[in-house]
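Novice: Have a look at this one.
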Amino acid sequence: MKKLIAIFYFLLLSSVIWAQQRNITGVVFDESGLALPGVNVVVQGTTVGTITNIDGQFSIQVNEGQNALEFSFIGYKSQTIDVSSTENLTVNMEPDAIGLNEVVAVGYGVQKKVNLTGAVAVVDSEELASKPVMQTSVALQGLAAGVTVTQSSGQPGSDKGTIRIRGLGSVRQDGKTDDAGPLVLIDGREGNINDVDPNDIENFSVLKDAASSAIYGSRAANGVILITTKRGTQGKFKVRYKGYGGFQTISEKPKLVDGLTFMKNRNLSLLNDGENPEFSEEYIQEYEANYKSDPDHYPNTDWQDEILQGSGFQQHHNVNISGGNDWFSTRASMSFMDQKGLINNTSYKKYTFRVNNDMQLRDNLKLSLDLYGKRSIQKQPADEAKSVFDQANRIPNIYPAQFTNGKYGEGWNGQNPLAMAESGGVDRRNYNRFNTEIKLEYKPVNNLNVVLKYAPDFKFDREKKFNRTYEIYDADGEFLLEKPSVSKLKEKRKYTFKQQYNALVTYNKSFNDHNFTVLGGFEQIDDYVEELSLQRDNYTFQDYQYIDAGSEENDQTTGKANEVALRSYFGRLNYDYKGKYLFEANLRYDGSSRLAPGNKWDWFPSFSLGWRLSEENFMKDLDWLSNLKLRASYGELGNQKMPDRYPWSATVDIKDMGYLFGDPLTMAPGGAIKTASNASLMWETAKSTNFALDAGFFNNRLTFTFEYFEQVRKDMLFKPAILMTTGLNPTYQNVGELENKGWELSASYRGNIGDFKYNVTANVHDIKSTMKSIGLADKFVKDSKILRVGDYVNAYYILEADGLFQSQEEIDNYGATVEGNELQPGDIRYVDQLTIDSNGDGIMDTADGVIDANDRVVKGDSRPRYEYNLNLNASYKGFDMMMFFQGVGKRDVLLGGHAVKAFSNASNMQEWHLDYWTPENPNASYPRLWSTSTNNSKASSYWLFSRAYLKLKTVQLGYTFPKKLLKKSFAEKLRVYVAGNNVFSIDDMPSGWDAEEGETNGGGYPIVSTYVFGIDLTF
């Protein structure tokens, strides 16, 4: 059977058109007489087509009786040219309203951009592919208004971006969001945005409001990203290679003081709090005299240099082949990604392939078969890469990393990040995925299209972490201890099988300038997951890292399985009159196995309207106005996403649930209900409205879009705390209300001065996420953040700092005490808030004279506001340049631990801490040095910093070689370029901390800058 399949596939690839054919060639020019590459050339009435090359040339075969070619390109009028009596053409394209006839991917289909009534952002796939980043989610940053992408780590494989569309999704009690990312559909199948190579993307759309995404119902409450991958076209087979290689560096690195400076200031901090100095003057002088000649006994370790031994080299390669004829076309691509870490034993590799096949079985019957596979391998130290950086940023220089004899030093109390990275074992994670889709498209009559699809998706993940022991010595070579105390192996297996079934029927009809399109469909998704975890420790032979080699004494084995299902019926109606008055309605009926019986099903409707004022007679004579359209929409979406798969049902846990019986007591197997259930759990709903204005001027060379939106999420799937006396863990309830409100503005301009062409694109948006209700409780406080009605989600709830005390007189007149602290000049002064209602009128009007938790107030917003970007593109003959700026106008971050506090948890000291308060330095940026006092360590606005920033995210300079230089080679196109990512940042963060990293106590893998050289080659 396998041989027959292979032969069949070979015949398809090698087949030729036996009917009599003609070869039509030609060249296409723009309005200035310049060759126009990328023009679509299609045989009229068929799907057979090609595109013009870099010199505007094309070649296409037509069958006998096919006498017309259609030419189309964004920004130019489409043309149909008769070829019945010619085989060579010269085509001159005429400018049109730029972008209006662009086809945009929408739910279960495509629409012309000019006819859109919902909020749909289109991302240029070439812009995505131009960024030298290893994750597609990060490449999306700044390319679409209303889409927030945050990257908090540069660790290979973990450097993906977190995507949020127009605010937050469901919120937990701790302020975090449960799977609040958008639904990502790759060729109609749910997937991971980072699994698709940007070079394989044809179209990329973001559905931002309920009107555009309601057709996806329950899965679309957090927005939808639609990705369409490239497919084969008619014509000779072509091979294209795109790749780059380069290096990574840390974007921001804390500057730590040397050992001598540390000891002197550590002593001062102790003396300031009435403690004895830790280092004697004699030892400090001895250290100063010997640390260069005897680094073993007097170490001055640069821990950052010690751990930064990884090459940081990264490379990305993509090769694709595409071509076909009028009944079969294919495109196959393979990509390889390799990213080395900045520390040892840290890396990420990914291999992918994608094959898209289309077979025109009959004039009205088309079969498509798509295949996709991925294997990725992530590696890091068993103690985690972020912990290695945490310790390297924390441990003072006076502790040894590695002696001159090669043995590891003690570090700090046995914690040695160099040894952790090099010899502490490895955590390997393998992720494998394979999916396919079989699609049959049938057109029984004109204007009627029927599509049937089946898409199975297999995933198999394997994690294997081995903690290896290593030996620690002193400076004289004496053995001290072994770290960790015992070796340990932990393995995990996870198998996932998802099946998706779709049936779609589309009918369109036009009469007397009235245009209708009706779509109806069915969808079912079944998802099965099975997991297994194994663990043993105390390995005698640590090179033999298998479960059987470990001790059975602490053997731990767990396993579980679960499944969920979604079933949906949906429909859509599109109507327009003369392309002037636009209307769209969607309706979806969703059922989810996650919800309680009686609440499993619900309806989700949406409506949208559009009015193209520029098509009205009273505006048609305005030559400078190309497009003016008003849009409005309302829609409802459902959400059933929860980590728990059976939250409505009482489930019995049988793990470690034995009971003791008899005399003597003996353990008998048993079970118990550990988590509460909710038999009335129902859909969370998101109701949203959107108002927008689209405008274009001067033949749409200047365009802008403004949108205002509001979304209210009701009956949120929230997990509030329950009484501990129940003995149960909390479960999900329909509690709370969240409001996301904001606006977006996008603008672009393109032009040319002779051969110099340029394009400027910018967008800015602002989103506020506010709690409107959280059930019976008035607030939830978690660490330094609060959930409270009327406040921003994840607002900081901290003490309000009011500068530093400058004298003892100020302290004496302060009028408040800080529990457990004797205040000194140079300490942080806090505002004693009004916390007492002295006259019973319900208004707090008096301070209580004590600084404690009751004095906390909302200060600062952890969510980004006023996100903006600017994209500059220019080209001159063969040269091209791109600069992409991205930033956030307003955002706060609370830093803690050794990220901002010297000597915190026995940590080192940063150079900026040297600007500490003294009577001679009253305007210092840092309080007085302290050791045992807790006053300055409290979470307060003193440690609240602005995360606003402006970054040059990407800069690229390229050159495309003239085709005449390539004539003697097999190459059709050759472009080379150099590029940088995260090139520089302007911000007010403390030195050494990247504004994108977010909250930190001093640990975490830093964000990186990359610099690469790349090639784009077509044969």
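Identifiers in this document derive from the order of the structure tokens: chains are assigned A, B, ..., residues are numbered from 1 separately in each chain, and ligands are numbered from 1 in order of occurrence.
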Find the residues around Ala939 of chain A up to 12 Å (only C-alpha atoms counted), leave out those fewer than 6 positions away in its own chain, and share them as JSON, numbers by chain.
Specialist: {"A": [783, 784, 785, 796, 797, 798, 799, 800, 801, 828, 830, 852, 853, 855, 856, 857, 858, 859, 893, 894, 895, 896, 897, 900, 901, 1001]}
Novice: From the DSSP assignment of the backbone, select every residue of segment 753-829 of chain A that is strand (DSSP E), and format the answer as a VMD selection string.
Specialist: chain A and resid 753 756 to 773 779 to 782 785 to 788 795 to 798 801 to 804 817 to 818 828 to 829
Novice: Need the shell around Trp603 of chain A: protein/DNA/RNA residues with any atom at most 8 Å away, counting only C-alpha atoms. Skip same-chain ones fewer than 2 positions apart. Format as a ChimeraX atom specification?
Specialist: /A:587-590,601,605
Novice: Within 6 Å of Gly550 of chain A, counting only C-alpha atoms, which residues show up once you throw out same-chain ones fewer than 5 positions away? Write them as an MDAnalysis selection string, please.
Specialist: chainID A and resid 536:539
Novice: Can you work out which one of A:Thr1018, A:Asn908, A:Ser387, A:Gln556 has the shortest atom-to-atom distance to Asn265 of chain A, counting only C-alpha atoms?
Specialist: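 So, comparing all the options, the nearest one is A:Asn908.
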Novice: Enter the distance from atom CA of Ala401 of chain A to atom CA of Leu418 of chain A, in Å, rounded to one decimal.
Specialist: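 Going from atom CA of Ala401 of chain A over to atom CA of Leu418 of chain A, I get 6.5 Å.
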Novice: Of the candidates A:Asp555, A:Asp30, A:Asp644, A:Glu252, which one gets nearest to Ser1009 of chain A if we count only C-alpha atoms?
Specialist: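 Going through A:Asp555, A:Asp30, A:Asp644, A:Glu252 one by one, the smallest distance to Ser1009 of chain A is for A:Glu252.
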Novice: Let me make sure I understand: among A:Tyr866, A:Asp526, A:Asn512, A:Trp930, which one has the smallest atom-to-atom distance to Trp917 of chain A if we use only C-alpha atoms?
Specialist: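 The shortest atom-to-atom distance to Trp917 of chain A comes from A:Trp930.
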